[in-house]
Amino acid sequence: MSCSGLVMLLVLWSAAIALAGNTLLPSPWSVAAAIAELAQKGFLVKHVVASLFRVTWGYLMAVVVGVPLGIFLGWRRRAEMALAPLLELLRPISPLAWIPIAILWFGVGDLAAIFIIFLASILPLILTAMNAVGSVTATHWNAGRNFGLSPVDLARKVLAPAILPQLIVGLRLTLGIAWLVVVAAEMIAVNSGLGFLIIDARNAGNRYDLVVAGMVLIGLIGVGLDSAMRRLERLPAASWGYQTPVEAEAA
Amino acid sequence: MKPAAELVPDRAKLSIRGLEMTFRAEGKETRVLHDIDLDVREGELVCILGPSGCGKSTLLNIVGGFLTPTAGSVTIDGEPVSGPDPRRIFVFQERGVFPWLTVEGNIGFGLGRLPEAERAKRIAHYVGLVGLTGFEKAYPQELSGGMKQRVEVARALAVNPDMLYLDEPFGALDSITRLVMRSELLRIWGAERKTILFVTHDIDESVQLADRVIVMSARPATIRRVVTIDLPHPRDLSSRRYLELRDGIFEEIGLAHRI
């Protein structure tokens, strides 16, 4: 992403406001002022921390449960076949559809939002881990077995390194999903966080400068999370998995 | 009459008797191997030659312990084969190299139980033996096909196995690299004297390498003929005897040696 794109966006945005007025969208400057106002009153840190807190817990719990479960399902084909219909059924249901159930179970509050994040994250993580295990080649398994590796060593020295690259991509994409979902969950299930900020700014006084400020903050933090996860992909233990055959040929 | 692939029993390193293999998938039965009898001597280099898809790789996978035959027996040193064994290493068509390990890491893969100093010494020895000095820290994706193949051979040799199983190991290489790899293999075989089973569909390759060539039929594969290659190494590829043996196999397979 280059800065010129951002500059162009700001120029077009300002030009549109100059031509059509600010009834449909606040101007970039009023959004910047809104962010400054949030920061000054301490709301910026409060809402950002609240959203990150929920994403962190919901996502981490999904990682702790989903990744081992997916690896197990990928390893034990029979278990996979038994659970596959359930996973297929759950997959098309938007995590947001669970919001009423989450509120029923956990009440309005952090737990309900964390539960939604957990649900939104766990399915893609299970599927990623399952597919990653499934794509370990028979040749690599056999080579590991040929050298007399115990099942534990086979998991440690063949399975784990083989699935790591795909797993890291899955972790990154799923964190993106979790960040998308937290905003929606906060609009309904809690009264803090960036999602709440957006819906509250509209409901409490049509403060569209604050609405767009919330959107800008969500975008910036999303980019930050993604680039942090991308760093993992550059580790030598993972980067071997991202070379296309063409690159490998050239090298 | 069946070709004589059996030896005096007590001299055999590997002994295959009455081997049958039938695959069942979706109610369909495919008979892949039929009535295979074969003995291999200690230190012998035997090529199993046959057309693609004939079942020769299946045979090697059974001998390697990765597949269980439908009937028949495979014994090595008098013991029945019950699974893969670090004393006998299978070399895959370069795809067996672990892409997440360096050349060093790959070659040392089977040496986990050795003390660090001994391990490093062995790795260095085999890196040198296969001519990869200077590439110890390289990852497989930085290597050519031939170099990856050498990493796999070195990884196999490093655990000091009695036997090597090579499944069309040079099939994916260009013809020049393939020739180089053949003479490398013969050089290493000369130095280490392992018993080698070498599966190939390349007639020239089999006659260049083997002590004996086991010629297989199309599926279900049976042993059609066993050709003893009575030529000392290094072999002169334009000598009359070489051409005679090669052309004999060409005719056996039913190919004219004109194109």
# chains A, B, ... in the order shown; residues from 1 in each chain; ligands from 1
>>> residues_around(residues="region 19-32 of chain B", least_positions_apart="5", cutoff="10 Å", atoms="only C-alpha atoms", output="PDB file with N, CA, C and O atoms, in the first residue's frame")
ATOM      1  N   ASP B  37       8.905 -64.198  -7.332  1.00  0.00           N
ATOM      2  CA  ASP B  37       9.962 -64.845  -6.551  1.00  0.00           C
ATOM      3  C   ASP B  37      11.271 -64.176  -6.908  1.00  0.00           C
ATOM      4  O   ASP B  37      11.602 -64.047  -8.081  1.00  0.00           O
ATOM      5  N   LEU B  38      11.992 -63.739  -5.900  1.00  0.00           N
ATOM      6  CA  LEU B  38      13.253 -63.039  -6.189  1.00  0.00           C
ATOM      7  C   LEU B  38      14.183 -63.140  -4.999  1.00  0.00           C
ATOM      8  O   LEU B  38      13.754 -63.004  -3.851  1.00  0.00           O
ATOM      9  N   GLY B  53       3.702 -47.802 -14.416  1.00  0.00           N
ATOM     10  CA  GLY B  53       2.424 -48.318 -13.931  1.00  0.00           C
ATOM     11  C   GLY B  53       2.347 -49.827 -13.861  1.00  0.00           C
ATOM     12  O   GLY B  53       1.275 -50.376 -13.655  1.00  0.00           O
ATOM     13  N   CYS B  54       3.468 -50.526 -14.027  1.00  0.00           N
ATOM     14  CA  CYS B  54       3.392 -51.993 -14.051  1.00  0.00           C
ATOM     15  C   CYS B  54       3.325 -52.582 -12.656  1.00  0.00           C
ATOM     16  O   CYS B  54       2.936 -53.719 -12.471  1.00  0.00           O
ATOM     17  N   GLY B  55       3.685 -51.794 -11.660  1.00  0.00           N
ATOM     18  CA  GLY B  55       3.619 -52.345 -10.305  1.00  0.00           C
ATOM     19  C   GLY B  55       4.984 -52.496  -9.666  1.00  0.00           C
ATOM     20  O   GLY B  55       5.098 -52.977  -8.549  1.00  0.00           O
ATOM     21  N   LYS B  56       6.017 -52.032 -10.353  1.00  0.00           N
ATOM     22  CA  LYS B  56       7.358 -52.193  -9.784  1.00  0.00           C
ATOM     23  C   LYS B  56       7.581 -51.328  -8.551  1.00  0.00           C
ATOM     24  O   LYS B  56       8.249 -51.730  -7.613  1.00  0.00           O
ATOM     25  N   THR B  58       5.154 -50.586  -6.518  1.00  0.00           N
ATOM     26  CA  THR B  58       4.403 -51.312  -5.480  1.00  0.00           C
ATOM     27  C   THR B  58       5.281 -52.384  -4.866  1.00  0.00           C
ATOM     28  O   THR B  58       5.330 -52.542  -3.643  1.00  0.00           O
ATOM     29  N   LEU B  59       6.001 -53.098  -5.731  1.00  0.00           N
ATOM     30  CA  LEU B  59       6.907 -54.138  -5.239  1.00  0.00           C
ATOM     31  C   LEU B  59       7.928 -53.538  -4.274  1.00  0.00           C
ATOM     32  O   LEU B  59       8.165 -54.054  -3.179  1.00  0.00           O
ATOM     33  N   ILE B  62       6.414 -52.650  -0.968  1.00  0.00           N
ATOM     34  CA  ILE B  62       6.179 -53.821  -0.117  1.00  0.00           C
ATOM     35  C   ILE B  62       7.491 -54.229   0.553  1.00  0.00           C
ATOM     36  O   ILE B  62       7.552 -54.445   1.761  1.00  0.00           O
ATOM     37  N   LEU B  67       3.808 -51.162   2.449  1.00  0.00           N
ATOM     38  CA  LEU B  67       2.566 -51.822   2.035  1.00  0.00           C
ATOM     39  C   LEU B  67       2.631 -53.280   2.468  1.00  0.00           C
ATOM     40  O   LEU B  67       3.700 -53.874   2.513  1.00  0.00           O
ATOM     41  N   THR B  68       1.466 -53.849   2.774  1.00  0.00           N
ATOM     42  CA  THR B  68       1.396 -55.257   3.139  1.00  0.00           C
ATOM     43  C   THR B  68       0.878 -56.035   1.938  1.00  0.00           C
ATOM     44  O   THR B  68      -0.156 -55.671   1.380  1.00  0.00           O
ATOM     45  N   PRO B  69       1.599 -57.082   1.534  1.00  0.00           N
ATOM     46  CA  PRO B  69       1.157 -57.822   0.339  1.00  0.00           C
ATOM     47  C   PRO B  69      -0.094 -58.634   0.622  1.00  0.00           C
ATOM     48  O   PRO B  69      -0.402 -58.959   1.772  1.00  0.00           O
ATOM     49  N   THR B  70      -0.837 -58.936  -0.448  1.00  0.00           N
ATOM     50  CA  THR B  70      -2.032 -59.760  -0.315  1.00  0.00           C
ATOM     51  C   THR B  70      -1.650 -61.194   0.055  1.00  0.00           C
ATOM     52  O   THR B  70      -2.322 -61.844   0.837  1.00  0.00           O
ATOM     53  N   ALA B  71      -0.564 -61.673  -0.548  1.00  0.00           N
ATOM     54  CA  ALA B  71      -0.076 -63.005  -0.210  1.00  0.00           C
ATOM     55  C   ALA B  71       1.420 -63.059  -0.484  1.00  0.00           C
ATOM     56  O   ALA B  71       1.963 -62.220  -1.194  1.00  0.00           O
ATOM     57  N   GLY B  72       2.056 -64.060   0.089  1.00  0.00           N
ATOM     58  CA  GLY B  72       3.482 -64.221  -0.141  1.00  0.00           C
ATOM     59  C   GLY B  72       4.310 -63.637   0.980  1.00  0.00           C
ATOM     60  O   GLY B  72       3.780 -63.063   1.933  1.00  0.00           O
ATOM     61  N   SER B  73       5.628 -63.800   0.869  1.00  0.00           N
ATOM     62  CA  SER B  73       6.475 -63.353   1.964  1.00  0.00           C
ATOM     63  C   SER B  73       7.683 -62.580   1.456  1.00  0.00           C
ATOM     64  O   SER B  73       8.159 -62.798   0.349  1.00  0.00           O
ATOM     65  N   VAL B  74       8.145 -61.652   2.283  1.00  0.00           N
ATOM     66  CA  VAL B  74       9.388 -60.932   2.037  1.00  0.00           C
ATOM     67  C   VAL B  74      10.242 -61.108   3.284  1.00  0.00           C
ATOM     68  O   VAL B  74       9.816 -60.736   4.385  1.00  0.00           O
ATOM     69  N   ALA B 218       3.949 -56.102 -18.086  1.00  0.00           N
ATOM     70  CA  ALA B 218       2.915 -55.111 -17.754  1.00  0.00           C
ATOM     71  C   ALA B 218       1.972 -55.713 -16.719  1.00  0.00           C
ATOM     72  O   ALA B 218       2.054 -56.895 -16.418  1.00  0.00           O
ATOM     73  N   ARG B 219       1.062 -54.897 -16.162  1.00  0.00           N
ATOM     74  CA  ARG B 219       0.199 -55.319 -15.072  1.00  0.00           C
ATOM     75  C   ARG B 219      -0.720 -56.470 -15.445  1.00  0.00           C
ATOM     76  O   ARG B 219      -1.294 -56.428 -16.521  1.00  0.00           O
ATOM     77  N   PRO B 220      -0.966 -57.460 -14.592  1.00  0.00           N
ATOM     78  CA  PRO B 220      -0.280 -57.655 -13.313  1.00  0.00           C
ATOM     79  C   PRO B 220       1.173 -58.073 -13.538  1.00  0.00           C
ATOM     80  O   PRO B 220       1.445 -58.968 -14.341  1.00  0.00           O
ATOM     81  N   ALA B 221       2.081 -57.426 -12.838  1.00  0.00           N
ATOM     82  CA  ALA B 221       3.494 -57.622 -13.100  1.00  0.00           C
ATOM     83  C   ALA B 221       3.976 -58.993 -12.620  1.00  0.00           C
ATOM     84  O   ALA B 221       3.690 -59.397 -11.503  1.00  0.00           O
ATOM     85  N   THR B 222       4.655 -59.655 -13.518  1.00  0.00           N
ATOM     86  CA  THR B 222       5.368 -60.876 -13.145  1.00  0.00           C
ATOM     87  C   THR B 222       6.804 -60.683 -13.618  1.00  0.00           C
ATOM     88  O   THR B 222       7.082 -59.763 -14.398  1.00  0.00           O
TER      89      THR B 222
END
>>> interface_residues(of="chain A", to="chain B", cutoff="12 Å", atoms="only C-alpha atoms", output="JSON, numbers by chain")
{"A": [136, 137, 138, 139, 140, 141, 142, 143, 144, 145, 146, 147, 148, 149, 150, 153, 154, 157, 158, 159, 160, 161, 162, 163, 164, 165, 235, 236, 237, 238, 239, 240, 241, 242, 243, 244, 245, 246, 247, 248, 249, 250, 251]}
>>> atom_distance(atom1="CA of Val211 (chain A)", atom2="CA of Ile101 (chain A)")
27.3 Å
>>> select_by_dssp(residues="region 80-120 of chain A", states="alpha helix (DSSP H)", output="VMD selection string")
chain A and resid 80 to 90 99 to 106 110 to 120
>>> write_last_selection(atoms="N, CA, C and O atoms", output="CSV table (one decimal), in the first residue's frame")
chain,number,residue,atom,x,y,z
A,80,GLU,N,-12.5,-37.2,11.3
A,80,GLU,CA,-12.9,-36.1,10.4
A,80,GLU,C,-14.2,-36.4,9.6
A,80,GLU,O,-15.1,-35.6,9.5
A,81,MET,N,-14.3,-37.7,9.2
A,81,MET,CA,-15.5,-38.0,8.4
A,81,MET,C,-16.7,-38.0,9.3
A,81,MET,O,-17.8,-37.6,8.9
A,82,ALA,N,-16.6,-38.3,10.6
A,82,ALA,CA,-17.7,-38.2,11.5
A,82,ALA,C,-18.1,-36.8,11.8
A,82,ALA,O,-19.3,-36.5,11.9
A,83,LEU,N,-17.2,-35.9,11.9
A,83,LEU,CA,-17.5,-34.5,12.2
A,83,LEU,C,-17.7,-33.6,11.0
A,83,LEU,O,-18.2,-32.5,11.2
A,84,ALA,N,-17.3,-34.1,9.8
A,84,ALA,CA,-17.4,-33.2,8.7
A,84,ALA,C,-18.8,-32.6,8.4
A,84,ALA,O,-18.9,-31.4,8.2
A,85,PRO,N,-19.9,-33.4,8.5
A,85,PRO,CA,-21.2,-32.9,8.3
A,85,PRO,C,-21.6,-31.7,9.2
A,85,PRO,O,-22.2,-30.7,8.8
A,86,LEU,N,-21.2,-31.9,10.5
A,86,LEU,CA,-21.4,-30.9,11.5
A,86,LEU,C,-20.7,-29.6,11.1
A,86,LEU,O,-21.3,-28.5,11.1
A,87,LEU,N,-19.4,-29.7,10.7
A,87,LEU,CA,-18.6,-28.5,10.4
A,87,LEU,C,-19.2,-27.9,9.2
A,87,LEU,O,-19.3,-26.6,9.1
A,88,GLU,N,-19.7,-28.7,8.2
A,88,GLU,CA,-20.3,-28.1,7.0
A,88,GLU,C,-21.5,-27.4,7.3
A,88,GLU,O,-21.8,-26.3,6.7
A,89,LEU,N,-22.3,-27.9,8.3
A,89,LEU,CA,-23.6,-27.2,8.6
A,89,LEU,C,-23.3,-25.9,9.3
A,89,LEU,O,-24.0,-24.9,9.1
A,90,LEU,N,-22.3,-25.9,10.2
A,90,LEU,CA,-22.0,-24.7,11.0
A,90,LEU,C,-21.3,-23.6,10.1
A,90,LEU,O,-21.5,-22.4,10.4
A,99,ILE,N,-25.4,-14.0,18.0
A,99,ILE,CA,-25.5,-13.0,19.0
A,99,ILE,C,-26.6,-13.1,20.0
A,99,ILE,O,-26.4,-13.1,21.2
A,100,PRO,N,-27.9,-13.4,19.5
A,100,PRO,CA,-28.9,-13.6,20.5
A,100,PRO,C,-28.7,-14.7,21.5
A,100,PRO,O,-28.9,-14.6,22.7
A,101,ILE,N,-28.2,-15.8,21.0
A,101,ILE,CA,-27.8,-17.0,21.8
A,101,ILE,C,-26.7,-16.6,22.8
A,101,ILE,O,-26.8,-16.9,24.0
A,102,ALA,N,-25.7,-15.8,22.3
A,102,ALA,CA,-24.6,-15.4,23.2
A,102,ALA,C,-25.1,-14.5,24.3
A,102,ALA,O,-24.7,-14.7,25.5
A,103,ILE,N,-26.1,-13.6,24.0
A,103,ILE,CA,-26.6,-12.7,25.1
A,103,ILE,C,-27.4,-13.5,26.0
A,103,ILE,O,-27.4,-13.3,27.3
A,104,LEU,N,-28.2,-14.5,25.5
A,104,LEU,CA,-29.0,-15.4,26.4
A,104,LEU,C,-28.1,-16.1,27.4
A,104,LEU,O,-28.4,-16.2,28.5
A,105,TRP,N,-27.0,-16.6,26.9
A,105,TRP,CA,-26.1,-17.5,27.7
A,105,TRP,C,-25.3,-16.6,28.7
A,105,TRP,O,-25.1,-17.0,29.8
A,106,PHE,N,-24.7,-15.5,28.1
A,106,PHE,CA,-23.7,-14.8,28.9
A,106,PHE,C,-24.1,-13.4,29.3
A,106,PHE,O,-23.4,-12.7,30.0
A,110,ASP,N,-18.8,-8.5,28.1
A,110,ASP,CA,-17.6,-9.0,27.5
A,110,ASP,C,-17.7,-10.4,27.1
A,110,ASP,O,-17.3,-10.8,26.0
A,111,LEU,N,-18.2,-11.3,28.0
A,111,LEU,CA,-18.3,-12.7,27.7
A,111,LEU,C,-19.0,-13.0,26.4
A,111,LEU,O,-18.6,-13.9,25.6
A,112,ALA,N,-20.1,-12.3,26.2
A,112,ALA,CA,-20.9,-12.6,25.0
A,112,ALA,C,-20.1,-12.2,23.8
A,112,ALA,O,-20.1,-13.0,22.8
A,113,ALA,N,-19.4,-11.1,23.8
A,113,ALA,CA,-18.6,-10.7,22.7
A,113,ALA,C,-17.5,-11.7,22.4
A,113,ALA,O,-17.2,-12.1,21.3
A,114,ILE,N,-16.8,-12.1,23.5
A,114,ILE,CA,-15.7,-13.0,23.4
A,114,ILE,C,-16.2,-14.3,22.8
A,114,ILE,O,-15.5,-14.9,22.0
A,115,PHE,N,-17.3,-14.8,23.3
A,115,PHE,CA,-17.9,-16.0,22.7
A,115,PHE,C,-18.1,-15.9,21.2
A,115,PHE,O,-17.8,-16.9,20.5
A,116,ILE,N,-18.6,-14.7,20.8
A,116,ILE,CA,-18.9,-14.6,19.3
A,116,ILE,C,-17.5,-14.6,18.6
A,116,ILE,O,-17.4,-15.3,17.5
A,117,ILE,N,-16.5,-14.0,19.1
A,117,ILE,CA,-15.2,-14.0,18.5
A,117,ILE,C,-14.7,-15.4,18.4
A,117,ILE,O,-14.1,-15.9,17.4
A,118,PHE,N,-14.8,-16.1,19.5
A,118,PHE,CA,-14.4,-17.5,19.6
A,118,PHE,C,-15.0,-18.3,18.5
A,118,PHE,O,-14.4,-19.1,17.8
A,119,LEU,N,-16.4,-18.2,18.4
A,119,LEU,CA,-17.1,-19.0,17.4
A,119,LEU,C,-16.6,-18.6,16.0
A,119,LEU,O,-16.5,-19.5,15.1
A,120,ALA,N,-16.4,-17.3,15.7
A,120,ALA,CA,-16.1,-16.8,14.4
A,120,ALA,C,-14.7,-17.4,14.0
A,120,ALA,O,-14.4,-17.6,12.9
>>> residues_around(residues="Pro124 (chain A)", least_positions_apart="3", cutoff="9 Å", atoms="only C-alpha atoms", output="list in words")
Gly66, Arg91, Ala120, Ser121, Leu127, Thr128, Ala129, Gly170, Leu171, Leu173 and Thr174 of chain A
>>> atom_distance(atom1="CA of Gly224 (chain A)", atom2="CA of Val49 (chain A)")
14.2 Å
>>> residues_around(residues="His201 (chain B)", least_positions_apart="3", cutoff="8 Å", atoms="only C-alpha atoms", output="MDAnalysis selection string")
chainID B and resid 49:52 168
>>> decode(residues="region 25-73 of chain A", atoms="C-alpha atoms", output="short mmCIF file (atom, residue, chain, number, x, y, z; two decimals), in the first residue's frame")
data_model
loop_
_atom_site.label_atom_id
_atom_site.label_comp_id
_atom_site.auth_asym_id
_atom_site.auth_seq_id
_atom_site.Cartn_x
_atom_site.Cartn_y
_atom_site.Cartn_z
CA LEU A 25 -20.11 12.33 4.84
CA PRO A 26 -18.04 14.35 7.31
CA SER A 27 -14.92 16.02 5.95
CA PRO A 28 -11.49 14.45 6.54
CA TRP A 29 -10.61 17.34 8.85
CA SER A 30 -13.63 16.90 11.07
CA VAL A 31 -12.82 13.17 11.30
CA ALA A 32 -9.26 14.01 12.31
CA ALA A 33 -10.65 16.44 14.86
CA ALA A 34 -13.00 13.73 16.15
CA ILE A 35 -10.09 11.35 16.64
CA ALA A 36 -8.22 14.08 18.50
CA GLU A 37 -11.29 14.69 20.64
CA LEU A 38 -11.56 10.97 21.47
CA ALA A 39 -7.90 10.85 22.38
CA GLN A 40 -8.16 13.93 24.55
CA LYS A 41 -11.14 12.62 26.51
CA GLY A 42 -9.50 9.23 26.99
CA PHE A 43 -12.20 7.42 24.98
CA LEU A 44 -9.80 6.39 22.23
CA VAL A 45 -7.66 4.24 24.48
CA LYS A 46 -10.69 2.92 26.31
CA HIS A 47 -12.53 1.72 23.20
CA VAL A 48 -9.48 0.41 21.42
CA VAL A 49 -8.36 -1.54 24.48
CA ALA A 50 -11.87 -2.92 24.99
CA SER A 51 -12.02 -4.22 21.40
CA LEU A 52 -8.50 -5.64 21.45
CA PHE A 53 -9.16 -7.30 24.79
CA ARG A 54 -12.16 -9.19 23.41
CA VAL A 55 -10.44 -10.15 20.20
CA THR A 56 -7.37 -11.36 22.07
CA TRP A 57 -9.31 -13.65 24.40
CA GLY A 58 -11.81 -14.96 21.88
CA TYR A 59 -9.12 -15.56 19.28
CA LEU A 60 -6.59 -17.12 21.65
CA MET A 61 -9.14 -19.54 23.07
CA ALA A 62 -10.13 -20.49 19.53
CA VAL A 63 -6.46 -21.10 18.69
CA VAL A 64 -5.92 -23.22 21.80
CA VAL A 65 -9.00 -25.36 21.09
CA GLY A 66 -9.28 -25.23 17.29
CA VAL A 67 -5.73 -25.87 16.13
CA PRO A 68 -5.17 -29.10 18.13
CA LEU A 69 -8.69 -30.25 17.26
CA GLY A 70 -8.09 -29.60 13.56
CA ILE A 71 -4.75 -31.41 13.69
CA PHE A 72 -6.41 -34.37 15.40
CA LEU A 73 -9.21 -34.45 12.82
#
